[in-house]
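Asker: Pasting a structure below so you can have a look.
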Amino acid sequence: MYDTIIVGAGSAGCVLANRLSADPHRKVLVLEAGRAAPRASDIPSDWPTMFNTAVDWSYYTEPQAGCRGRRIFWPRGKMVGGSGAINAMIYIRGLPSDYDGWEKAGCAGWAWRDVLPKFIAFENNARFIDDPLHGTSGPLYVADVPHVDPNELKWLEAAQAAGLPHNPDFNGASQEGAGFFQFVIRDGERFGTGKAYLRPALTRANLTLKTSVRVTRIIIERSRAIGVEYLENGQPKSAFATGEVVLASGAIGSAQQLLLSGVGPADELKAAGVEVVHELAGVGRDLQDHINIPITFYTKEKIGVGAWTEESLAASLAEWETSRSGPRSSPWVAAGAHVRSRPDVEPDLQLYGAISPHRDYVRFLSSRPGITLHATLQRPNSRGRITLRSADPIEHPAIDPCYFASDASGSDIATMIEGVRINRRIAAQSPLKEMIEGEVTPSAEAASDAEIADYIRGHCTTLYHAASTCRMGTDDLAVVDPQRLQVRGIDGLHIADASVIPIMVSGNIQTPTILIAESAAAAILG
Ligand SMILES: Cc1cc2nc3c(=O)[nH]c(=O)nc-3n(C[C@H](O)[C@H](O)[C@H](O)COP(=O)(O)OP(=O)(O)OC[C@H]3O[C@@H](n4cnc5c(N)ncnc54)[C@H](O)[C@@H]3O)c2cc1C
């Protein structure tokens with residue numbers, strides 16, 4: 001018998017494991033479907049090499065009507081550290097107005113003035129030492145990218161020539177402009193919450209971590225969660241908690257487990273063959289994501305990732321192994337920007353200047369060298385949902401982000417068209433323009449707004465930021481309350497991961513997810 005069961009040892013679950021087991025009187029069990037993170041997870045450049053492997057859930061969306069019927073690949077980490085062990089490690093909080101928007105949407109206690117001290121408290125920033133907007137004594141080490149490619153500096157110069165102001169700190173007074181992201185990288189290695197929070201807590205006698213165990217159902221009796229059922233080596237097992245079960249299985253996993261446990265929209269549950277335990281209409285609804293569109297340009301010289309050979313890969317790995325430096329200590333997404341698609345909005349596009357001629361998440365590299373410029377929609381209107389295909393807990397749920405098709409205003413596609421145009425403006429500036437041979441087909445042929453829209457619909461990807469499937473709030477579709485992140489109507493059941501984000505933030509979402517886990521732990525500890 002445990003006091004607390006945490007389901008999932010991902011970005012949030014590792015934080016919860018540390019904070020909740022810091023109370024020596026609390027016996028904590030963490031159940032994680034994946035295994036220990038592999039070596040590739042330590043090496044900053046190697047995150048895409050884990051896609052479609054045993055440590056990736058390798059989801060695909062439903063065919064997207066707004067994306068010319070394509071099913072879009074959605075990787076998620078399935079290992080200790082979760083998606084935070086496969087991600088690109090960028091550390092960013094979002095805009096103050098994002099969090100003020102959360103408060104306005106009914107989430108009291110989540111305004112910028114409330115969350116900023118918490119962000120500062122869990123940060124340990126290597127560069128911003130005496131800075132009122134940064135912390136230096138938290139568990140999460142945050143630093144500049146260890147290796148800068150000279151061509152990333154050329155991208156930055158071109159971005160400034162295109163009118164973007166230089167921004168030395170995207171978590172500083174203003175998010176707008178171009179510069180270098182900071183990362184959760186320590187001494188040349190990934191330093192996600194698996195290392196920052198979970199690893200040091202594993203020496204505690206009151207904390208148990210079980211890996212390769214898949215939770216299949218939350219056991220609910222008389223409107224109270226009392227434990228979970230899980231599969232270990234294919235055998236059904238159960239574990240019980242006197243205090244609480246905390247779901248930290250991510251935006252897909254947490255919603256799926258609630259639905260499998262009979263908590264969700266009654267008609268959908270019945271259709272999937274699941275007995276209704278507690279009707280909660282919002283479970284799985286409101287799925288949000290950052291949509292991303294790359295355009296690639298061939299370069300005259302072999303540069304960056306496009307210049308890598310068998311020999312240089314081996315040499316850069318040897319360098320990383322001996323000194324944790326060199327090209328393998330970079331995630332190759334360090335140069336970027338936050339820009340406005342039009343003057344009357346806050347920055348609504350995030351840009352990347354990647355020195356790599358990749359398409360489709362670096363799984364396929366062009367035979368010629370080049371650079372890829374990404375534009376990502378920061379505050380999407382598109383809203384989707386997650387539903388069960390069946391009562392089988394092993395079957396992937398249906399994931400339908402409903403990109404563009406659910407945005408009747410048309411503003412999502414219009415903003416992204418502007419993102420492509422801004423990236424082309426950057427590519428047309430010195431010193432990039434002298435390096436570039438030309439834009440690669442098929443974006444190269446897209447000139448009018450309608451043609452660019454077609455290109456975006458045919459080639460957009462996820463920026464991997466699934467959120468909001470069990471969102472907090474006080475309205476009828478809210479799943480958890482904003483104060484304790486407890487599932488409405490079920491005692492002893494909390495959700496503390498990216499699924500509770502009420503409205504998407506303007507930036508990569510691991511840092512807000514850590515904020516959520518820290519806040520949930522504090523509320524549970526009381
Ligand atoms: C490729 C990629 C790149 C990204 N890049 C960045 C970035 O640079 N910066 C950034 O801020 N964000 C980034 N993100 C997003 C960020 O990593 C995620 O939003 C964040 O990790 C989500 O945290 P979470 O705790 O909600 O879920 P996760 O970290 O996904 O954790 C969920 C955990 O639960 C486990 N689990 C699921 N179902 C079960 C079950 N039934 N039983 C037991 N365990 C289960 C999973 O295996 C996983 O370990 C990226 C994400 C990806 C996938």
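Every chain in the structure tokens has a letter given in the order shown (A, B, ...), and although residue numbers restart at 1 in each chain, ligands are simply numbered from 1 in the order shown.
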Give me the residues of chain A that have any atom at most 6 Å from an atom of ligand 1; for each, the nearest atom pair and the distance in Å, rounded to one decimal. Use only C-alpha atoms and all ligand atoms, sort by chain and number, and format it as a tab-separated table.

Answerer:
```
residue	atom	partner	partner_atom_place_in_ligand_line	distance
A:Val7	CA	ligand 1	43 (C)	5.3
A:Gly8	CA	ligand 1	34 (O)	3.4
A:Ala9	CA	ligand 1	49 (O)	4.8
A:Gly10	CA	ligand 1	31 (O)	3.2
A:Ser11	CA	ligand 1	25 (O)	3.9
A:Ala12	CA	ligand 1	25 (O)	3.7
A:Gly13	CA	ligand 1	25 (O)	5.8
A:Leu31	CA	ligand 1	43 (C)	5.4
A:Glu32	CA	ligand 1	44 (N)	3.9
A:Ala33	CA	ligand 1	44 (N)	3.9
A:Gly34	CA	ligand 1	47 (O)	5.0
A:Pro75	CA	ligand 1	53 (C)	5.1
A:Arg76	CA	ligand 1	53 (C)	4.3
A:Gly77	CA	ligand 1	30 (O)	5.4
A:Lys78	CA	ligand 1	47 (O)	3.5
A:Met79	CA	ligand 1	49 (O)	4.9
A:Val80	CA	ligand 1	49 (O)	5.5
A:Gly81	CA	ligand 1	49 (O)	5.8
A:Gly82	CA	ligand 1	49 (O)	3.2
A:Ser83	CA	ligand 1	29 (O)	3.7
A:Gly84	CA	ligand 1	21 (O)	4.1
A:Ile86	CA	ligand 1	1 (C)	5.5
A:Asn87	CA	ligand 1	3 (C)	3.3
A:Ala88	CA	ligand 1	8 (O)	3.4
A:Met89	CA	ligand 1	8 (O)	3.9
A:Ile90	CA	ligand 1	8 (O)	3.7
A:Tyr91	CA	ligand 1	11 (O)	5.5
A:Val213	CA	ligand 1	43 (C)	5.9
A:Arg214	CA	ligand 1	42 (N)	3.8
A:Val215	CA	ligand 1	42 (N)	3.8
A:Thr216	CA	ligand 1	41 (N)	5.7
A:Ala248	CA	ligand 1	25 (O)	5.6
A:Ser249	CA	ligand 1	34 (O)	3.3
A:Gly250	CA	ligand 1	27 (O)	3.5
A:Ala251	CA	ligand 1	26 (O)	5.8
A:Gly253	CA	ligand 1	38 (N)	4.2
A:Tyr464	CA	ligand 1	51 (C)	4.5
A:His465	CA	ligand 1	19 (O)	4.9
A:Asp497	CA	ligand 1	26 (O)	3.9
A:Ala498	CA	ligand 1	26 (O)	3.8
A:Asn508	CA	ligand 1	11 (O)	3.9
A:Ile509	CA	ligand 1	11 (O)	4.1
A:Gln510	CA	ligand 1	11 (O)	3.4
A:Thr511	CA	ligand 1	11 (O)	5.4
A:Thr513	CA	ligand 1	23 (O)	5.8
```

Asker: Please identify the alpha helix (DSSP H) residues within stretch 58-203 of chain A (assignment by DSSP from backbone atoms) and present them as a VMD selection string.

Answerer: chain A and resid 96 to 104 112 to 122 150 to 161 193 199 to 201

Asker: Calculated over only C-alpha atoms, which of the candidates A:Asp187, A:Thr387, A:Ala453, A:Ser367 has the smallest distance to A:Thr299?

Answerer: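 Going through A:Asp187, A:Thr387, A:Ala453, A:Ser367 one by one, the smallest distance to A:Thr299 is for A:Ser367.
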
Asker: Pick from A:Pro482, A:Pro401, A:Pro139, A:Pro343: nearest to A:Gly194, with only C-alpha atoms counted?

Answerer: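 Ranking A:Pro482, A:Pro401, A:Pro139, A:Pro343 by distance to A:Gly194, first place goes to A:Pro139.
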
Asker: Write out as a PyMOL selection string the residues lying within 7 Å of A:Ala255, counting only C-alpha atoms and excluding same-chain residues fewer than 2 positions away.

Answerer: chain A and resi 251-253+257-259+283-284+469-470

Asker: Residues of stretch 231-345 of chain A within 10 Å of stretch 410-434 of chain A: nearest atom pair and distance (Å, one decimal) for each, counting only C-alpha atoms, sorted by chain and number, as JSON lines?

Answerer:
```
{"residue": "A:Ile291", "atom": "CA", "partner": "A:Met416", "partner_atom": "CA", "distance": 8.6}
{"residue": "A:Asn292", "atom": "CA", "partner": "A:Met416", "partner_atom": "CA", "distance": 8.2}
{"residue": "A:Ile293", "atom": "CA", "partner": "A:Met416", "partner_atom": "CA", "distance": 7.5}
{"residue": "A:Pro294", "atom": "CA", "partner": "A:Val420", "partner_atom": "CA", "distance": 8.0}
{"residue": "A:Ile295", "atom": "CA", "partner": "A:Val420", "partner_atom": "CA", "distance": 7.4}
{"residue": "A:Thr296", "atom": "CA", "partner": "A:Arg424", "partner_atom": "CA", "distance": 10.0}
{"residue": "A:Phe297", "atom": "CA", "partner": "A:Ala427", "partner_atom": "CA", "distance": 8.4}
{"residue": "A:Thr299", "atom": "CA", "partner": "A:Glu434", "partner_atom": "CA", "distance": 8.9}
{"residue": "A:Lys300", "atom": "CA", "partner": "A:Glu434", "partner_atom": "CA", "distance": 8.7}
{"residue": "A:Val339", "atom": "CA", "partner": "A:Gly419", "partner_atom": "CA", "distance": 8.7}
{"residue": "A:Arg340", "atom": "CA", "partner": "A:Gly419", "partner_atom": "CA", "distance": 8.9}
{"residue": "A:Ser341", "atom": "CA", "partner": "A:Glu418", "partner_atom": "CA", "distance": 5.8}
{"residue": "A:Arg342", "atom": "CA", "partner": "A:Glu418", "partner_atom": "CA", "distance": 8.5}
```

Asker: Using DSSP assignments from the backbone, pull out every residue in stretch 351-425 of chain A that falls under strand (DSSP E) and give it to me as a compact mmCIF listing (two decimals) with C-alpha atoms, in the first residue's frame.

Answerer:
```txt
# COMPACT_ATOMS: atom_id res chain seq x y z
CA LEU A 351 11.10 30.90 -35.93
CA TYR A 352 14.08 28.57 -36.15
CA GLY A 353 17.16 28.98 -38.33
CA ALA A 354 18.36 25.37 -38.52
CA HIS A 358 16.06 18.37 -43.35
CA ARG A 359 12.49 17.50 -44.11
CA PHE A 364 15.17 12.34 -44.08
CA LEU A 365 18.10 14.49 -45.09
CA GLY A 370 21.23 23.57 -46.92
CA ILE A 371 19.34 25.37 -44.20
CA THR A 372 15.77 24.99 -43.03
CA LEU A 373 13.76 27.90 -41.71
CA HIS A 374 10.79 27.00 -39.53
CA ALA A 375 7.76 29.06 -38.55
CA THR A 376 5.53 27.87 -35.73
CA LEU A 377 2.10 29.19 -34.85
CA ARG A 385 -9.74 15.91 -29.47
CA ILE A 386 -8.64 12.53 -28.28
CA THR A 387 -11.11 9.65 -28.28
CA ALA A 398 -7.61 8.44 -32.04
CA ILE A 399 -5.71 11.73 -32.04
CA ASP A 400 -7.38 14.46 -34.05
```
